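Here's model26.cif, which has mmCIF, C-alpha atoms:
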data_final
loop_
_atom_site.label_atom_id
_atom_site.label_comp_id
_atom_site.auth_asym_id
_atom_site.auth_seq_id
_atom_site.Cartn_x
_atom_site.Cartn_y
_atom_site.Cartn_z
CA MET Q 50 -42.37 -91.84 2.20
CA THR Q 51 -44.10 -90.13 5.11
CA ALA Q 52 -46.32 -87.20 4.24
CA ILE Q 53 -45.75 -83.88 6.08
CA ASP Q 54 -48.78 -82.52 7.86
CA PRO Q 55 -49.18 -78.82 6.92
CA ASP Q 56 -50.93 -78.02 10.20
CA THR Q 57 -48.07 -79.53 12.22
CA LEU Q 58 -45.48 -77.65 10.18
CA SER Q 59 -47.39 -74.42 10.70
CA ALA Q 60 -47.50 -74.95 14.46
CA ASP Q 61 -43.76 -75.68 14.54
CA GLU Q 62 -43.00 -72.55 12.56
CA ALA Q 63 -45.16 -70.46 14.90
CA ARG Q 64 -43.39 -71.94 17.94
CA GLU Q 65 -39.97 -71.24 16.41
CA ALA Q 66 -41.05 -67.69 15.59
CA ARG Q 67 -42.17 -67.10 19.19
CA LYS Q 68 -38.90 -68.58 20.45
CA ALA Q 69 -36.84 -66.37 18.15
CA LYS Q 70 -38.81 -63.32 19.27
CA LEU Q 71 -38.20 -64.22 22.92
CA PHE Q 72 -34.46 -64.60 22.36
CA THR Q 73 -34.38 -61.25 20.55
CA ARG Q 74 -35.94 -59.58 23.58
CA ILE Q 75 -33.51 -61.32 25.94
CA ASN Q 76 -30.53 -60.19 23.83
CA LYS Q 77 -31.80 -56.61 23.83
CA ALA Q 78 -32.24 -56.69 27.59
CA ASP Q 79 -28.73 -58.15 28.03
CA SER Q 80 -27.03 -54.79 27.47
CA TRP Q 81 -29.02 -53.28 30.34
CA PHE Q 82 -28.38 -56.28 32.58
CA LYS Q 83 -24.66 -55.65 32.02
CA VAL Q 84 -25.08 -51.98 32.86
CA LEU Q 85 -26.80 -52.87 36.14
CA GLY Q 86 -24.23 -55.54 37.01
CA LEU Q 87 -26.80 -58.31 36.50
CA SER Q 88 -25.17 -60.14 33.59
CA PHE Q 89 -26.10 -63.52 35.09
CA VAL Q 90 -29.79 -62.84 34.43
CA THR Q 91 -29.35 -63.34 30.67
CA PRO Q 92 -28.17 -66.99 30.81
CA LEU Q 93 -30.87 -67.68 33.41
CA LEU Q 94 -33.54 -66.44 31.01
CA LYS Q 95 -31.99 -68.27 28.06
CA ALA Q 96 -31.81 -71.52 30.03
CA ALA Q 97 -35.46 -71.12 31.07
CA ALA Q 98 -36.33 -70.58 27.38
CA GLY Q 99 -34.53 -73.80 26.41
CA ASP Q 100 -31.50 -72.33 24.64
CA ASN Q 101 -28.67 -74.88 25.09
CA PRO Q 102 -29.17 -75.37 28.87
CA LYS Q 103 -25.74 -76.99 29.33
CA ALA Q 104 -23.89 -73.96 27.91
CA GLN Q 105 -26.12 -71.57 29.88
CA VAL Q 106 -25.46 -73.41 33.15
CA LYS Q 107 -21.71 -72.97 32.54
CA GLU Q 108 -22.26 -69.25 31.92
CA ILE Q 109 -24.40 -68.96 35.08
CA TRP Q 110 -21.63 -70.62 37.08
CA LEU Q 111 -19.05 -68.12 35.79
CA LEU Q 112 -21.22 -65.04 36.22
CA LEU Q 113 -23.05 -65.93 39.43
CA GLY Q 114 -21.65 -69.09 41.00
CA VAL Q 115 -18.00 -68.05 41.08
CA PRO Q 116 -18.69 -64.56 42.56
CA LEU Q 117 -20.98 -66.06 45.23
CA LEU Q 118 -18.37 -68.69 46.04
CA SER Q 119 -15.73 -65.94 46.31
CA ILE Q 120 -17.94 -63.95 48.69
CA ALA Q 121 -18.62 -67.07 50.77
CA CYS Q 122 -14.88 -67.76 51.04
CA PHE Q 123 -14.23 -64.16 52.05
CA LEU Q 124 -16.91 -64.31 54.77
CA LEU Q 125 -15.56 -67.64 56.00
CA LEU Q 126 -11.99 -66.35 56.26
CA TRP Q 127 -13.19 -63.11 57.85
CA GLY Q 128 -15.28 -64.96 60.42
CA ASN Q 129 -12.42 -67.31 61.36
CA LEU Q 130 -9.56 -64.81 61.41
CA ALA Q 131 -11.29 -61.74 62.88
CA PRO Q 132 -11.56 -63.03 66.49
CA LYS Q 133 -7.81 -63.73 66.53
CA VAL Q 134 -6.94 -60.05 65.99
CA GLN Q 135 -7.14 -57.99 69.17
CA THR Q 136 -7.30 -54.19 69.06
CA SER Q 137 -7.72 -51.42 71.62
CA LEU Q 138 -11.47 -51.76 71.03
CA GLY Q 139 -11.46 -55.54 71.44
CA ALA Q 140 -11.40 -58.30 68.85
CA VAL Q 141 -12.07 -57.43 65.23
CA PRO Q 142 -15.80 -58.07 64.67
CA GLY Q 143 -16.84 -60.86 62.35
CA PRO Q 144 -19.69 -60.84 59.82
CA ALA Q 145 -22.32 -61.68 62.47
CA GLN Q 146 -21.30 -58.76 64.70
CA VAL Q 147 -21.22 -56.33 61.78
CA TRP Q 148 -24.65 -57.48 60.59
CA GLU Q 149 -25.95 -57.02 64.15
CA GLN Q 150 -24.83 -53.39 64.05
CA VAL Q 151 -26.68 -52.90 60.77
CA GLY Q 152 -29.85 -53.79 62.67
CA ASN Q 153 -28.87 -51.59 65.62
CA LEU Q 154 -28.25 -48.58 63.38
CA HIS Q 155 -31.63 -49.11 61.76
CA GLU Q 156 -33.34 -49.34 65.15
CA ASP Q 157 -31.53 -46.16 66.27
CA ALA Q 158 -32.84 -44.41 63.17
CA LYS Q 159 -36.40 -45.58 63.88
CA ARG Q 160 -36.20 -44.27 67.45
CA GLU Q 161 -34.90 -40.93 66.20
CA TRP Q 162 -37.71 -40.71 63.63
CA GLN Q 163 -40.22 -41.38 66.41
CA LYS Q 164 -38.67 -38.64 68.57
CA GLU Q 165 -38.94 -36.22 65.64
CA GLU Q 166 -42.58 -37.15 65.05
CA ASP Q 167 -43.40 -36.74 68.76
CA PHE Q 168 -41.64 -33.36 68.81
CA TYR Q 169 -43.79 -31.97 65.98
CA ILE Q 170 -46.96 -33.43 67.49
CA ARG Q 171 -46.23 -31.69 70.81
CA GLN Q 172 -45.39 -28.46 68.98
CA ASP Q 173 -48.64 -28.55 67.00
CA GLU Q 174 -50.64 -29.25 70.16
CA ARG Q 175 -48.94 -26.38 72.01
CA ASN Q 176 -49.53 -23.97 69.12
CA ALA Q 177 -53.16 -25.04 68.85
CA LYS Q 178 -53.71 -24.27 72.55
CA LEU Q 179 -52.07 -20.87 72.17
CA GLU Q 180 -54.25 -20.00 69.19
CA ALA Q 181 -57.37 -21.16 71.05
CA ALA Q 182 -56.38 -18.93 73.94
CA GLY Q 183 -55.97 -15.95 71.61
CA LYS Q 184 -52.18 -15.88 71.93
CA SER Q 185 -51.31 -16.27 68.26
CA ASP Q 186 -48.33 -13.96 68.71
CA LYS Q 187 -46.67 -16.62 70.86
CA VAL Q 188 -47.04 -19.36 68.27
CA LYS Q 189 -43.63 -20.58 67.12
CA GLN Q 190 -42.46 -23.14 64.57
CA ARG Q 191 -39.14 -24.73 65.45
CA ALA Q 192 -37.23 -27.31 63.48
CA TYR Q 193 -36.27 -30.56 65.15
CA THR Q 194 -32.58 -30.53 66.10
CA GLY Q 195 -31.99 -34.13 67.16
CA LYS Q 196 -28.91 -36.06 66.17
CA PRO Q 197 -28.74 -37.18 62.51
CA THR Q 198 -29.47 -40.83 61.85
CA TYR Q 199 -27.16 -43.14 59.91
CA TYR Q 200 -29.45 -42.71 56.90
CA ASP Q 201 -29.20 -38.91 57.27
CA GLN Q 202 -25.42 -39.21 57.15
CA ILE Q 203 -25.60 -41.30 53.99
CA TRP Q 204 -27.98 -38.84 52.31
CA THR Q 205 -25.78 -35.87 53.30
CA SER Q 206 -22.71 -37.50 51.72
CA ILE Q 207 -24.59 -38.38 48.52
CA LYS Q 208 -25.95 -34.84 48.14
CA THR Q 209 -22.52 -33.36 48.76
CA VAL Q 210 -20.68 -35.58 46.29
CA PHE Q 211 -23.21 -34.94 43.53
CA PHE Q 212 -23.09 -31.17 44.07
CA GLY Q 213 -19.28 -31.20 43.93
CA PHE Q 214 -19.28 -33.57 40.96
CA LEU Q 215 -21.75 -31.47 38.96
CA LEU Q 216 -19.76 -28.33 39.72
CA ALA Q 217 -16.56 -30.09 38.61
CA SER Q 218 -18.25 -31.28 35.39
CA ALA Q 219 -19.52 -27.77 34.63
CA VAL Q 220 -15.92 -26.51 34.84
CA ALA Q 221 -14.05 -29.46 33.33
CA ILE Q 222 -16.11 -30.20 30.20
CA PRO Q 223 -15.94 -26.67 28.67
CA LEU Q 224 -12.23 -26.40 29.53
CA GLY Q 225 -11.63 -29.84 28.05
CA ILE Q 226 -13.37 -28.83 24.83
CA VAL Q 227 -11.22 -25.69 24.61
CA ALA Q 228 -8.05 -27.71 25.20
CA GLY Q 229 -9.08 -30.32 22.63
CA LEU Q 230 -9.98 -27.85 19.89
CA SER Q 231 -7.11 -25.42 20.36
CA ARG Q 232 -3.39 -26.10 20.67
CA ALA Q 233 -3.04 -22.79 22.45
CA GLY Q 234 -5.76 -23.83 24.91
CA GLU Q 235 -4.01 -27.13 25.53
CA ALA Q 236 -0.67 -25.37 26.07
CA ALA Q 237 -2.31 -22.98 28.55
CA LEU Q 238 -4.15 -25.64 30.55
CA ASN Q 239 -1.54 -28.39 30.57
CA PRO Q 240 0.73 -26.80 33.24
CA VAL Q 241 -2.27 -26.17 35.49
CA ILE Q 242 -3.40 -29.78 35.12
CA GLN Q 243 0.04 -31.21 35.80
CA ILE Q 244 0.57 -29.06 38.90
CA PHE Q 245 -2.83 -29.37 40.59
CA LYS Q 246 -3.93 -32.87 39.56
CA PRO Q 247 -1.71 -34.68 42.12
CA VAL Q 248 -2.66 -32.39 45.04
CA SER Q 249 -4.22 -34.30 47.93
CA PRO Q 250 -7.65 -33.29 49.28
CA LEU Q 251 -5.97 -32.93 52.68
CA ALA Q 252 -3.95 -30.05 51.22
CA TRP Q 253 -6.96 -28.38 49.59
CA LEU Q 254 -9.21 -28.63 52.65
CA PRO Q 255 -7.57 -25.94 54.86
CA ILE Q 256 -7.47 -23.50 51.95
CA VAL Q 257 -11.09 -24.13 51.03
CA THR Q 258 -12.13 -23.87 54.68
CA MET Q 259 -10.49 -20.47 55.11
CA ILE Q 260 -11.85 -19.06 51.85
CA VAL Q 261 -15.41 -20.29 52.44
CA SER Q 262 -15.37 -19.05 56.05
CA ALA Q 263 -14.19 -15.62 54.88
CA THR Q 264 -16.63 -15.22 51.97
CA TYR Q 265 -19.70 -17.15 53.17
CA THR Q 266 -20.49 -15.44 56.44
CA THR Q 267 -23.91 -16.93 57.15
CA ASN Q 268 -25.25 -20.41 57.79
CA ASP Q 269 -28.82 -19.32 57.05
CA GLY Q 270 -28.43 -19.42 53.27
CA MET Q 271 -29.23 -22.17 50.80
CA PHE Q 272 -26.09 -24.10 51.80
CA THR Q 273 -24.27 -24.52 55.09
CA LYS Q 274 -20.56 -23.77 55.36
CA SER Q 275 -19.72 -27.41 56.06
CA PHE Q 276 -21.61 -28.50 52.94
CA LEU Q 277 -19.80 -25.98 50.73
CA ILE Q 278 -16.39 -26.83 52.17
CA SER Q 279 -16.83 -30.54 51.46
CA ALA Q 280 -18.40 -30.00 48.03
CA ILE Q 281 -15.76 -27.54 46.80
CA THR Q 282 -12.99 -29.87 48.00
CA VAL Q 283 -14.63 -32.63 45.96
CA THR Q 284 -14.78 -30.30 42.96
CA LEU Q 285 -11.10 -29.36 43.13
CA CYS Q 286 -9.97 -32.99 43.34
CA SER Q 287 -12.42 -34.62 40.91
CA LEU Q 288 -12.48 -32.32 37.90
CA TRP Q 289 -9.15 -33.50 36.43
CA PRO Q 290 -10.18 -36.91 35.01
CA THR Q 291 -13.13 -35.30 33.20
CA LEU Q 292 -11.00 -32.43 31.90
CA ILE Q 293 -8.24 -34.74 30.61
CA ASN Q 294 -10.61 -37.26 29.01
CA THR Q 295 -12.74 -34.55 27.43
CA SER Q 296 -9.66 -32.91 25.95
CA LEU Q 297 -8.41 -36.26 24.64
CA GLY Q 298 -11.82 -37.16 23.19
CA VAL Q 299 -12.21 -33.84 21.42
CA ALA Q 300 -8.65 -33.87 20.07
CA SER Q 301 -9.05 -37.40 18.67
CA ILE Q 302 -12.22 -36.86 16.62
CA ASP Q 303 -12.08 -37.83 12.97
CA LYS Q 304 -10.34 -35.14 10.92
CA ASP Q 305 -12.82 -35.72 8.12
CA LEU Q 306 -15.57 -34.46 10.42
CA VAL Q 307 -13.55 -31.32 11.10
CA ASN Q 308 -13.14 -30.79 7.35
CA VAL Q 309 -16.88 -31.28 6.84
CA SER Q 310 -17.58 -28.57 9.42
CA LYS Q 311 -15.29 -26.22 7.50
CA VAL Q 312 -16.95 -27.01 4.18
CA LEU Q 313 -20.40 -26.46 5.67
CA LYS Q 314 -19.14 -23.28 7.36
CA MET Q 315 -20.56 -24.30 10.73
CA ASN Q 316 -20.32 -21.79 13.54
CA THR Q 317 -18.48 -22.80 16.72
CA ARG Q 318 -21.63 -23.67 18.66
CA THR Q 319 -23.02 -25.93 15.92
CA LYS Q 320 -19.63 -27.56 15.43
CA ILE Q 321 -19.37 -28.40 19.13
CA THR Q 322 -22.95 -29.65 19.58
CA LYS Q 323 -23.29 -31.55 16.28
CA LEU Q 324 -19.79 -32.92 15.71
CA VAL Q 325 -17.44 -32.57 18.68
CA LEU Q 326 -19.60 -33.69 21.61
CA PRO Q 327 -21.20 -36.74 19.92
CA SER Q 328 -17.78 -38.00 18.79
CA ALA Q 329 -16.10 -37.37 22.15
CA LEU Q 330 -19.00 -38.66 24.27
CA PRO Q 331 -17.51 -42.08 25.18
CA LEU Q 332 -14.29 -40.57 26.52
CA ILE Q 333 -16.18 -37.76 28.27
CA PHE Q 334 -18.29 -40.31 30.13
CA THR Q 335 -15.19 -42.29 31.01
CA GLY Q 336 -13.82 -39.13 32.59
CA LEU Q 337 -17.10 -38.49 34.40
CA ARG Q 338 -17.13 -42.01 35.86
CA LEU Q 339 -13.55 -41.59 37.07
CA SER Q 340 -14.32 -38.16 38.49
CA LEU Q 341 -17.33 -39.38 40.43
CA GLY Q 342 -15.28 -42.24 41.90
CA VAL Q 343 -12.49 -39.86 42.90
CA GLY Q 344 -15.02 -37.40 44.32
CA TRP Q 345 -16.61 -40.08 46.51
CA MET Q 346 -13.24 -41.09 47.99
CA VAL Q 347 -12.21 -37.47 48.50
CA LEU Q 348 -15.48 -36.62 50.23
CA ILE Q 349 -15.10 -39.28 52.93
CA ALA Q 350 -11.57 -38.06 53.71
CA ALA Q 351 -12.73 -34.42 53.78
CA GLU Q 352 -15.65 -35.20 56.10
CA MET Q 353 -13.35 -37.06 58.47
CA LEU Q 354 -10.72 -34.32 58.61
CA ALA Q 355 -13.07 -31.32 58.75
CA GLN Q 356 -15.70 -33.06 60.90
CA ASN Q 357 -18.37 -32.12 58.39
CA PRO Q 358 -21.66 -34.05 58.45
CA GLY Q 359 -21.67 -37.28 56.45
CA LEU Q 360 -20.33 -40.81 56.47
CA GLY Q 361 -16.77 -39.63 57.04
CA LYS Q 362 -17.78 -37.86 60.26
CA PHE Q 363 -19.72 -40.96 61.33
CA VAL Q 364 -16.56 -43.07 60.97
CA TRP Q 365 -14.46 -40.56 62.88
CA ASP Q 366 -17.04 -40.17 65.67
CA GLU Q 367 -17.22 -43.93 66.14
CA PHE Q 368 -13.42 -44.13 66.21
CA GLN Q 369 -13.32 -41.44 68.90
CA ASN Q 370 -16.21 -43.04 70.78
CA GLY Q 371 -14.16 -46.16 71.50
CA SER Q 372 -17.06 -48.35 72.61
CA SER Q 373 -17.15 -52.12 72.16
CA GLN Q 374 -19.52 -51.64 69.19
CA SER Q 375 -17.59 -48.86 67.47
CA LEU Q 376 -15.37 -51.06 65.32
CA ALA Q 377 -18.34 -53.03 63.99
CA LYS Q 378 -20.15 -49.77 63.17
CA ILE Q 379 -17.06 -48.48 61.36
CA MET Q 380 -17.03 -51.67 59.29
CA VAL Q 381 -20.73 -51.14 58.47
CA ALA Q 382 -19.76 -47.68 57.19
CA VAL Q 383 -16.89 -49.16 55.15
CA PHE Q 384 -19.25 -51.57 53.39
CA THR Q 385 -21.80 -48.77 52.92
CA ILE Q 386 -19.17 -46.54 51.31
CA GLY Q 387 -18.09 -49.36 48.99
CA ILE Q 388 -21.63 -50.29 47.96
CA ILE Q 389 -22.60 -46.66 47.30
CA GLY Q 390 -19.41 -46.20 45.25
CA PHE Q 391 -20.36 -49.24 43.17
CA LEU Q 392 -23.92 -47.93 42.67
CA LEU Q 393 -22.65 -44.50 41.64
CA ASP Q 394 -20.40 -46.11 39.02
CA ARG Q 395 -23.34 -48.22 37.75
CA LEU Q 396 -25.45 -45.06 37.54
CA MET Q 397 -22.85 -43.29 35.41
CA PHE Q 398 -22.42 -46.40 33.27
CA ALA Q 399 -26.19 -46.51 32.73
CA LEU Q 400 -26.22 -42.84 31.69
CA GLN Q 401 -23.28 -43.47 29.37
CA SER Q 402 -25.09 -46.41 27.75
CA LEU Q 403 -28.27 -44.37 27.43
CA PHE Q 404 -26.58 -41.39 25.80
CA THR Q 405 -24.39 -43.54 23.57
CA PHE Q 406 -27.42 -45.53 22.44
CA SER Q 407 -29.39 -42.36 21.71
CA ASN Q 408 -26.40 -40.88 19.88
CA ASN Q 409 -26.02 -43.95 17.67
CA ARG Q 410 -29.65 -44.13 16.63
#
Please re-express this file's structure in structure tokens.
Amino acid sequence: MTAIDPDTLSADEAREARKAKLFTRINKADSWFKVLGLSFVTPLLKAAAGDNPKAQVKEIWLLLGVPLLSIACFLLLWGNLAPKVQTSLGAVPGPAQVWEQVGNLHEDAKREWQKEEDFYIRQDERNAKLEAAGKSDKVKQRAYTGKPTYYDQIWTSIKTVFFGFLLASAVAIPLGIVAGLSRAGEAALNPVIQIFKPVSPLAWLPIVTMIVSATYTTNDGMFTKSFLISAITVTLCSLWPTLINTSLGVASIDKDLVNVSKVLKMNTRTKITKLVLPSALPLIFTGLRLSLGVGWMVLIAAEMLAQNPGLGKFVWDEFQNGSSQSLAKIMVAVFTIGIIGFLLDRLMFALQSLFTFSNNR
């Protein structure tokens, strides 16, 4: 019979303990990898740590290999079929031409940034000379008014959609709580929801434009008219998913919790903050994610139709431009819109996971 070395056993136990601790950390991080759309990182880490490499390789193939293969097939088909389709602007650009325009748009932005920097340098030099000559009254500070870069257009659209989305949430969540807690509130709001929910942003836009133009008579305030028109259109079209899901979440909370609130004689505010909102949080966030997605789609359409600054206007301007590079630039914008939409959804999913995790602790 072979004797067991205590020192060897101790070392093995320590190694197993370290391995178990590592796997615990990987499993905890897995939920956040899923939130960020990086689920394939978990099997990579587990395979590197020696946890059933064969099974992990299969998981990596499903989570990373198959999507990459799908993208490669899409690019291959796109590259082969695009040149065969002729339009008024020439052949449909392939991946190489679209990627080339990504670089061109970046270079255009760099040139515009340099122009802006040179403008302020010249202005500062001119003002310094005036002050040195004792003509301080002629010193003027002007803002640079060059054309917006592609990155400026992206930032404008993101700011607009978040403003409209936050405004929609501020309206929809309280109304949803009222509709969920009260049958009378639900009866009052249901006709409004059913009538206005299907209305297209193209129908709202002229109404919003006229009302904003009549009531907001200056462009020197905190917001420009174009910004408010786009944002309010987003609000009117994106509040319905949040309102409906909030109402459904509040109405479906456990009746035992409602009875507890009655026994404890909670006031309305305490009942909503301590019982209603925590229970309805998953459905509320589902509504918020849907609303943000709807708002992003609505915004691009509104910017195109109203010619308001943003990605939608960029697409329309390139369409009207009709140059040989316009179609490739439009396709760059299409991919940009899709990627930003995906990132916005991931952001809301991350917030949902964060709040749900905090609520369950």
Can you list, as a VMD selection string, the residues that the PyMOL selection byres ((chain Q and resi 142-154) around 10) selects here? chain Q and resid 124 to 135 138 to 141 155 to 160 198 to 200 373 to 382 384
Any chance you can output those residues with C-alpha atoms as an mmCIF file, keeping the file's coordinate frame?
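Final output, saved to result_15.cif:
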data_model
loop_
_atom_site.group_PDB
_atom_site.id
_atom_site.type_symbol
_atom_site.label_atom_id
_atom_site.label_comp_id
_atom_site.auth_asym_id
_atom_site.auth_seq_id
_atom_site.Cartn_x
_atom_site.Cartn_y
_atom_site.Cartn_z
ATOM 1 C CA LEU Q 124 -16.910 -64.310 54.770
ATOM 2 C CA LEU Q 125 -15.560 -67.640 56.000
ATOM 3 C CA LEU Q 126 -11.990 -66.350 56.260
ATOM 4 C CA TRP Q 127 -13.190 -63.110 57.850
ATOM 5 C CA GLY Q 128 -15.280 -64.960 60.420
ATOM 6 C CA ASN Q 129 -12.420 -67.310 61.360
ATOM 7 C CA LEU Q 130 -9.560 -64.810 61.410
ATOM 8 C CA ALA Q 131 -11.290 -61.740 62.880
ATOM 9 C CA PRO Q 132 -11.560 -63.030 66.490
ATOM 10 C CA LYS Q 133 -7.810 -63.730 66.530
ATOM 11 C CA VAL Q 134 -6.940 -60.050 65.990
ATOM 12 C CA GLN Q 135 -7.140 -57.990 69.170
ATOM 13 C CA LEU Q 138 -11.470 -51.760 71.030
ATOM 14 C CA GLY Q 139 -11.460 -55.540 71.440
ATOM 15 C CA ALA Q 140 -11.400 -58.300 68.850
ATOM 16 C CA VAL Q 141 -12.070 -57.430 65.230
ATOM 17 C CA HIS Q 155 -31.630 -49.110 61.760
ATOM 18 C CA GLU Q 156 -33.340 -49.340 65.150
ATOM 19 C CA ASP Q 157 -31.530 -46.160 66.270
ATOM 20 C CA ALA Q 158 -32.840 -44.410 63.170
ATOM 21 C CA LYS Q 159 -36.400 -45.580 63.880
ATOM 22 C CA ARG Q 160 -36.200 -44.270 67.450
ATOM 23 C CA THR Q 198 -29.470 -40.830 61.850
ATOM 24 C CA TYR Q 199 -27.160 -43.140 59.910
ATOM 25 C CA TYR Q 200 -29.450 -42.710 56.900
ATOM 26 C CA SER Q 373 -17.150 -52.120 72.160
ATOM 27 C CA GLN Q 374 -19.520 -51.640 69.190
ATOM 28 C CA SER Q 375 -17.590 -48.860 67.470
ATOM 29 C CA LEU Q 376 -15.370 -51.060 65.320
ATOM 30 C CA ALA Q 377 -18.340 -53.030 63.990
ATOM 31 C CA LYS Q 378 -20.150 -49.770 63.170
ATOM 32 C CA ILE Q 379 -17.060 -48.480 61.360
ATOM 33 C CA MET Q 380 -17.030 -51.670 59.290
ATOM 34 C CA VAL Q 381 -20.730 -51.140 58.470
ATOM 35 C CA ALA Q 382 -19.760 -47.680 57.190
ATOM 36 C CA PHE Q 384 -19.250 -51.570 53.390
#
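Using all atoms listed in the file, the nearest neighbour of Gly344 of chain Q within the list Q:Asn308, Q:Asn294, Q:Ser402, Q:Ser206 is Q:Ser206.
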Can you find the residues with an atom no farther than 9 Å from (-43.1, -23.3, 68.5), counting all atoms listed in the file, and report them as a PyMOL selection string? chain Q and resi 172-173+175-176+187-192
Q:Val343, Q:Phe89, Q:Pro250, Q:Phe334: which is nearest Gly114 of chain Q, counting all atoms listed in the file? Q:Phe89
To verify the selection step, state as a PyMOL selection string which residues the PyMOL selection byres ((chain Q and resi 339) around 10) yields on this input. chain Q and resi 287-291+294+333-338+340-344+394+397
For Leu216 of chain Q: contacts at 10 Å, all atoms listed in the file, fewer than 2 positions along chain excluded, given as an NGL selection string: :Q and (210-214 or 218-221 or 280-281 or 283-285 or 287-288)
Given the choices Q:Ala177, Q:Leu277, Q:Leu71, Q:Leu392, which gets closest to Thr205 of chain Q if the distance is worked out from all atoms listed in the file? Q:Leu277
What does the structure give for the distance between atom CA of Leu330 of chain Q and atom CA of Gly298 of chain Q, in Å to one decimal? 7.4 Å
Two-atom distance - atom CA of Gln163 of chain Q, atom CA of Gly387 of chain Q (Å):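 Computing the Euclidean distance for atom CA of Gln163 of chain Q and atom CA of Gly387 of chain Q yields 29.3 Å.
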Select from segment 100-216 of chain Q every residue with an atom at most 12 Å from any atom of segment 75-86 of chain Q, then for each give the shortest pair of atoms and their distance in Å to one decimal, using all atoms listed in the file, rows by chain and rising number, as a tab-separated table.
residue	atom	partner	partner_atom	distance
Q:Asp100	CA	Q:Ile75	CA	11.3
Q:Leu112	CA	Q:Gly86	CA	10.0
Q:Leu113	CA	Q:Gly86	CA	10.7
Q:Pro116	CA	Q:Gly86	CA	12.0
To one decimal place, how far is atom CA of Pro255 of chain Q from atom CA of Trp345 of chain Q in Å?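 Atom-to-atom, atom CA of Pro255 of chain Q and atom CA of Trp345 of chain Q are spaced 18.7 Å apart.
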On this structure, which residues satisfy the PyMOL selection byres ((chain Q and resi 364) around 12), written as an MDAnalysis selection string? chainID Q and resid 199 202:203 349:354 356:363 365:371 375:386
Which residue, Q:Leu117, Q:Ile226, Q:Ala182, Q:Leu396, has the smallest gap to Ser301 of chain Q when you use all atoms listed in the file? Q:Ile226
Which residue out of Q:Ser296, Q:Asn239, Q:Ser372, Q:Gln401 has the minimum interatomic distance to Thr136 of chain Q when all atoms listed in the file are used?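 Among the listed residues, the smallest separation from Thr136 of chain Q belongs to Q:Ser372.
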